[in-house]
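Asks: Supplied structure: coords_6.txt, compact mmCIF, C-alpha atoms.
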```txt
# COMPACT_ATOMS: atom_id res chain seq x y z
CA TYR H 25 31.59 27.10 -7.48
CA SER H 26 32.96 30.45 -6.34
CA GLY H 27 30.10 32.68 -7.52
CA SER H 28 30.73 36.31 -6.61
CA THR H 29 33.59 35.51 -4.23
CA THR H 30 37.23 35.98 -5.24
CA PRO H 31 38.12 34.68 -7.75
CA ALA H 32 34.59 35.11 -9.11
CA ASN H 33 32.68 32.63 -11.33
CA TYR H 34 35.19 29.78 -11.21
CA TRP H 35 35.10 26.18 -10.12
CA ILE H 36 37.42 25.90 -7.14
CA ALA H 37 38.75 23.00 -5.04
CA THR H 38 37.16 24.16 -1.79
CA SER H 39 33.45 24.47 -1.00
CA SER H 40 31.88 27.90 -1.19
CA TRP H 41 28.43 29.02 -0.03
CA LEU H 42 26.70 31.54 -2.31
CA ILE H 43 24.17 34.20 -1.37
CA THR H 44 20.71 33.77 -2.95
CA ASP H 45 17.92 36.25 -3.63
CA LEU H 46 15.04 36.02 -1.16
CA SER H 47 11.34 36.45 -1.90
CA VAL H 48 9.60 34.89 1.09
CA PRO H 49 8.71 32.05 1.18
CA ASN H 50 11.02 31.33 -1.79
CA TRP H 51 14.65 31.88 -2.70
CA VAL H 52 16.51 31.73 -6.04
CA PHE H 53 20.08 31.64 -7.30
CA ASP H 54 20.65 32.69 -10.92
CA ASN H 55 23.05 30.32 -12.70
CA PRO H 56 25.50 31.84 -15.19
CA ASP H 57 24.91 30.55 -18.75
CA ASP H 58 28.17 28.60 -18.87
CA LEU H 59 28.09 27.22 -15.31
CA TYR H 60 27.30 23.62 -16.28
CA VAL H 61 29.02 21.37 -18.84
CA HIS H 62 27.41 18.68 -21.00
CA GLY H 63 27.90 15.18 -19.64
CA SER H 64 28.91 16.27 -16.14
CA SER H 65 27.24 15.47 -12.81
CA TYR H 66 26.59 18.02 -10.06
CA THR H 67 25.43 18.15 -6.45
CA SER H 68 23.75 21.17 -4.88
CA ARG H 69 23.15 21.95 -1.21
CA SER H 70 21.22 24.69 0.49
CA ARG H 71 21.11 25.97 4.05
CA ALA H 72 19.19 28.69 5.82
CA ARG H 73 20.59 31.01 8.45
CA SER H 74 18.37 33.00 10.81
CA THR H 75 18.88 36.60 11.82
CA GLU H 76 20.18 35.15 15.08
CA ASN H 77 22.91 33.32 13.11
CA VAL H 78 21.37 29.87 13.65
CA THR H 79 22.40 27.76 10.64
CA GLU H 80 20.50 24.80 9.21
CA VAL H 81 22.29 21.46 8.70
CA PRO H 82 22.07 20.52 4.97
CA GLY H 83 20.53 17.13 4.26
CA THR H 84 18.19 17.00 7.22
CA ASN H 85 14.52 16.53 6.33
CA PRO H 86 12.95 18.34 4.47
CA ASN H 87 16.25 19.72 3.14
CA LEU H 88 17.38 17.11 0.63
CA ILE H 89 20.66 17.15 -1.33
CA PRO H 90 19.93 16.67 -5.06
CA THR H 91 22.46 15.32 -7.55
CA PHE H 92 21.77 15.94 -11.24
CA ASN H 93 23.36 15.41 -14.65
CA TYR H 94 23.61 17.94 -17.45
CA ASP H 95 22.74 17.17 -21.08
CA THR H 96 22.76 19.95 -23.68
CA GLN H 97 23.25 17.94 -26.86
CA LYS H 98 20.63 16.73 -29.33
CA PRO H 99 20.12 13.00 -29.84
CA ILE H 100 22.03 11.37 -32.71
CA VAL H 101 19.55 9.89 -35.19
CA LYS H 102 20.17 7.85 -38.34
CA VAL H 103 17.88 6.40 -41.03
CA ASN H 104 18.93 2.98 -42.36
CA MET H 105 15.80 2.08 -44.34
CA PRO H 106 14.94 3.03 -47.07
CA ASP H 107 18.45 2.19 -48.20
CA SER H 108 18.02 3.24 -51.84
CA ALA H 109 16.79 6.30 -53.73
CA PHE H 110 14.36 4.03 -55.62
CA MET H 111 12.05 1.52 -53.94
CA LYS H 112 9.54 -0.90 -55.44
CA VAL H 113 8.12 -1.84 -52.05
CA LEU H 114 8.86 -0.33 -48.63
CA THR H 115 7.11 -1.79 -45.59
CA VAL H 116 9.21 -0.27 -42.82
CA ILE H 117 11.17 2.91 -42.16
CA SER H 118 13.89 2.23 -39.61
CA GLY H 119 17.14 3.44 -38.13
CA THR H 120 19.08 4.05 -34.94
CA ALA H 121 19.13 6.69 -32.22
CA GLU H 122 21.34 7.42 -29.22
CA ASP H 123 21.69 10.07 -26.56
CA ALA H 124 23.79 10.44 -23.42
CA PRO H 125 23.51 10.98 -20.56
CA ALA H 126 19.75 11.61 -20.65
CA GLY H 127 18.76 8.86 -23.10
CA ILE H 128 15.98 8.81 -25.68
CA SER H 129 12.41 9.43 -24.53
CA ALA H 130 10.49 9.36 -27.82
CA ILE H 131 10.97 8.99 -31.58
CA SER H 132 8.44 9.97 -34.21
CA VAL H 133 8.41 10.06 -38.01
CA ARG H 134 6.77 12.48 -40.43
CA ILE H 135 6.15 11.22 -43.99
CA LYS H 136 5.42 13.78 -46.71
CA ARG H 137 4.24 13.12 -50.27
CA THR H 138 5.83 15.74 -52.51
CA MET H 139 3.12 15.56 -55.18
CA ASP H 140 0.68 17.54 -53.00
CA ASN H 141 2.63 18.05 -49.74
CA HIS H 142 0.23 15.80 -47.83
CA TYR H 143 1.29 13.79 -44.77
CA TRP H 144 0.76 10.12 -43.99
CA ARG H 145 -1.25 9.42 -40.83
CA VAL H 146 -0.59 5.93 -39.51
CA SER H 147 -3.53 5.90 -37.09
CA ASP H 148 -6.13 5.72 -39.87
CA SER H 149 -3.89 4.97 -42.89
CA SER H 150 -4.70 8.19 -44.72
CA TRP H 151 -3.06 11.21 -46.34
CA THR H 152 -3.88 14.58 -44.78
CA PRO H 153 -2.87 18.19 -45.53
CA THR H 154 -2.14 18.66 -41.81
CA GLU H 155 1.37 17.84 -40.59
CA VAL H 156 1.46 14.53 -38.70
CA TRP H 157 4.21 13.03 -36.53
CA ASN H 158 3.72 9.27 -36.16
CA ASP H 159 5.03 7.42 -33.11
CA THR H 160 7.41 4.64 -34.06
CA SER H 161 6.11 1.07 -34.06
CA THR H 162 9.13 -0.19 -32.13
CA TRP H 163 11.97 1.37 -30.13
CA SER H 164 14.40 -1.02 -28.46
CA GLY H 165 18.14 -1.33 -27.96
CA GLY H 166 18.95 1.82 -29.91
CA THR H 167 16.92 0.74 -32.97
CA TRP H 168 13.59 2.25 -34.06
CA SER H 169 11.12 1.35 -36.80
CA LEU H 170 7.80 2.51 -38.27
CA ASN H 171 5.59 0.10 -40.22
CA ILE H 172 3.93 1.46 -43.37
CA PRO H 173 2.01 0.01 -46.33
CA GLY H 174 4.25 -1.42 -49.02
CA THR H 175 3.37 1.28 -51.55
CA LEU H 176 2.41 4.74 -50.29
CA CYS H 177 2.71 6.58 -53.61
CA GLU H 178 2.04 5.94 -57.27
CA ASP H 179 4.79 4.93 -59.68
CA GLY H 180 7.34 7.74 -59.81
CA GLY H 181 6.01 9.39 -56.64
CA THR H 182 8.44 10.80 -54.07
CA CYS H 183 8.12 10.57 -50.30
CA ILE H 184 10.27 12.22 -47.62
CA ALA H 185 10.58 10.79 -44.11
CA THR H 186 11.75 13.14 -41.35
CA VAL H 187 12.73 11.68 -37.98
CA ARG H 188 12.33 13.52 -34.68
CA ALA H 189 13.91 12.35 -31.43
CA ASN H 190 13.54 13.82 -27.94
CA ASP H 191 15.75 12.99 -24.99
CA ASN H 192 14.82 12.67 -21.32
CA ALA H 193 16.38 15.97 -20.25
CA ILE H 194 14.08 18.45 -18.52
CA LEU H 195 13.49 20.93 -21.35
CA ALA H 196 14.20 18.11 -23.78
CA ASN H 197 16.85 18.38 -26.48
CA THR H 198 15.24 17.62 -29.85
CA GLU H 199 16.68 16.49 -33.16
CA SER H 200 14.20 16.92 -36.01
CA GLY H 201 16.34 17.51 -39.10
CA VAL H 202 17.13 13.96 -40.23
CA ASP H 203 15.54 13.31 -43.65
CA ARG H 204 15.49 10.42 -46.11
CA SER H 205 13.69 10.58 -49.46
CA TRP H 206 12.84 7.84 -51.93
CA ILE H 207 11.03 7.41 -55.23
CA TYR H 208 8.62 4.57 -55.90
CA ASP H 209 9.72 2.61 -58.97
CA ILE H 210 6.89 0.13 -59.50
CA SER H 211 6.81 -0.40 -63.29
CA TYR H 212 9.01 -3.11 -64.79
CA PRO H 213 11.90 -2.00 -67.03
CA THR H 214 12.19 -3.40 -70.56
CA ALA H 215 15.14 -4.66 -72.62
CA ALA H 216 14.39 -5.25 -76.33
CA ILE H 217 16.67 -7.12 -78.77
CA ILE H 218 17.53 -5.22 -81.96
CA LEU H 219 20.32 -7.48 -83.16
CA PRO H 220 19.93 -10.29 -84.22
CA VAL H 221 16.70 -9.75 -86.16
CA ASN H 222 14.13 -12.51 -85.82
CA THR H 223 14.29 -15.25 -88.58
CA LYS H 224 17.36 -13.72 -90.29
CA ILE H 225 20.38 -15.90 -91.15
CA TYR H 226 23.83 -14.74 -90.03
CA SER H 227 27.31 -15.88 -91.01
CA SER H 228 28.85 -13.70 -88.30
CA LEU H 229 27.36 -12.18 -85.17
CA PRO H 230 29.97 -10.45 -82.99
CA THR H 231 27.41 -8.99 -80.57
CA ILE H 232 23.84 -9.17 -79.42
CA SER H 233 22.45 -5.71 -78.73
CA GLY H 234 19.26 -3.83 -78.05
CA THR H 235 17.60 -0.98 -76.22
CA MET H 236 16.49 -0.58 -72.62
CA SER H 237 14.03 1.70 -70.87
CA ASP H 238 12.23 2.16 -67.59
CA PRO H 239 8.74 3.71 -67.75
CA GLY H 240 9.16 4.80 -64.15
CA THR H 241 11.87 7.03 -62.75
CA GLY H 242 14.24 4.31 -61.65
CA LEU H 243 17.61 3.41 -63.09
CA ILE H 244 18.31 0.14 -64.89
CA GLY H 245 20.97 -1.73 -62.97
CA LYS H 246 21.73 -4.48 -65.50
CA VAL H 247 20.45 -6.33 -68.60
CA GLU H 248 20.87 -10.09 -68.90
CA VAL H 249 20.84 -12.22 -72.08
CA TRP H 250 19.76 -15.87 -72.40
CA ILE H 251 20.92 -17.91 -75.45
CA LYS H 252 19.68 -21.38 -76.42
CA ASP H 253 20.97 -23.76 -79.12
CA ASN H 254 17.83 -25.03 -80.89
CA VAL H 255 19.63 -27.79 -82.86
CA GLU H 256 21.74 -29.53 -80.29
CA SER H 257 20.04 -32.13 -78.14
CA PRO H 258 20.03 -31.71 -75.28
CA ALA H 259 19.84 -27.94 -75.64
CA ARG H 260 22.80 -25.94 -74.50
```
Show the structure stored in the file as structure tokens.
Replies:
Amino acid sequence: YSGSTTPANYWIATSSWLITDLSVPNWVFDNPDDLYVHGSSYTSRSRARSTENVTEVPGTNPNLIPTFNYDTQKPIVKVNMPDSAFMKVLTVISGTAEDAPAGISAISVRIKRTMDNHYWRVSDSSWTPTEVWNDTSTWSGGTWSLNIPGTLCEDGGTCIATVRANDNAILANTESGVDRSWIYDISYPTAAIILPVNTKIYSSLPTISGTMSDPGTGLIGKVEVWIKDNVESPAR
């Protein structure tokens, strides 16, 4: 890096020693904001020179030569479960996370109940008005999960899970804006037959029809019909 030499503030093919600011017994060199690039690796050396022009040899103890990587990007986090807007039972919230070059250091999950804006605390299985970030139950091979009771809310209740991931960079990069919401649909839907009418006699019956409803907030995916011949033996 050329620093204040000519040309100034460029990466150049030849080595260049830069003047630091001294404040005995310490020294400091101020890095320009755009000096380092995400994903790159760097090596830095230092040497001292006395007023008598005696110059230190870099790398001799205690002068070590550090190599470091640069990571300025947030982790990439995804939620795979819940996988539907409506859930009857949900025992685990799970997903994936990745980060390079620093790697993931920690993943936590916040669960909010929208009815009263309370938060689920895994440690004592309770709802609290204070924001809580729960450590994941497992984190391995790029996959994370958090175990929860099968039903956290009442029928029709909405929960929002927010995932936060930190990487291993010094001054960690944090992703905390990944949300997934779901509604508990616990009540069974109903499908009533309107046609045919019980005990009536028909000479023609083009269709069988009825009404459907769901007392919860879910959506009915399908209605099935079962028909039996009461005269034929065996039944068909």
Asks: Can you build me a table of range 203-241 of chain H residues sitting at most 10 Å from range 135-151 of chain H, with the closest atom pair per residue and its distance in Å to one decimal, using all atoms listed in the file, sorted by chain and residue number, as a tab-separated table?
Replies:
```
residue	atom	partner	partner_atom	distance
H:Asp203	CA	H:Ile135	CA	9.6
H:Arg204	CA	H:Ile135	CA	9.6
H:Ser205	CA	H:Lys136	CA	9.3
```
Asks: Give the answer as one residue: which of H:Thr235, H:Ala189, H:Ile117, H:Thr162 has the shortest atom-to-atom distance to Val103 in chain H, using all atoms listed in the file?
Replies: H:Ile117
Asks: Smallest atom-to-atom distance to Asn197 in chain H: which of H:Asp45, H:Asp123, H:Asp54, H:Asp107, using only C-alpha atoms?
Replies: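 Using only C-alpha atoms, the shortest distance to Asn197 in chain H belongs to H:Asp123.
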Asks: For Ala126 in chain H, which of H:Asn222, H:Thr38, H:Thr152, H:Gln97 is the closest residue, counting only C-alpha atoms?
Replies: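 Ranking H:Asn222, H:Thr38, H:Thr152, H:Gln97 by distance to Ala126 in chain H, first place goes to H:Gln97.
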Asks: Extending 4 Å beyond the listed atoms of range 97-104 of chain H on each side, what axis-aligned box results? I want centre and edge lengths in Å to one decimal, as JSON.
Replies:
```
{"center_x": 20.6, "center_y": 10.5, "center_z": -34.6, "size_x": 13.4, "size_y": 23.0, "size_z": 23.5}
```
Asks: Which of these residues is nearest to Ile184 in chain H, using all atoms listed in the file: H:Arg71, H:Lys252, H:Lys98, H:Arg134?
Replies: H:Arg134
Asks: Would you work out the distance separating CA of Val52 in chain H from CA of Asn85 in chain H, expressed in Å to one decimal?
Replies: 19.7 Å
Asks: Could you name the residues that touch Asp238 in chain H at 12 Å or less, counting all atoms listed in the file, but leaving out those on the same chain fewer than 5 positions away, as a VMD selection string?
Replies: chain H and resid 179 to 180 209 to 216 243 to 247
Asks: Please, what distance in Å, to one decimal, runs between CA of Val101 in chain H and CA of Val113 in chain H?
Replies: 23.5 Å
Asks: Could you please determine the separation between CA of Ala109 in chain H and CA of Arg188 in chain H in Å, to one decimal place?
Replies: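 Straight-line distance from CA of Ala109 in chain H to CA of Arg188 in chain H works out to 20.9 Å.
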Asks: Hey, what's within 9 Å of Val61 in chain H if we count all atoms listed in the file and toss same-chain stuff fewer than 5 positions away? As a PyMOL selection string, please?
Replies: chain H and resi 94-96
Asks: So, with all atoms listed in the file as the atoms that count, which of H:Trp168, H:Phe92, H:Tyr60, H:Phe53 lies closest to Asn104 in chain H?
Replies: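 Ranked by minimum distance to Asn104 in chain H, first place goes to H:Trp168.
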Asks: Using all atoms listed in the file, which of H:Ala37, H:Ile128, H:Ala121, H:Ile217 sits nearest Val202 in chain H?
Replies: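 Answer, going by the shortest atom-to-atom distance: H:Ala121.
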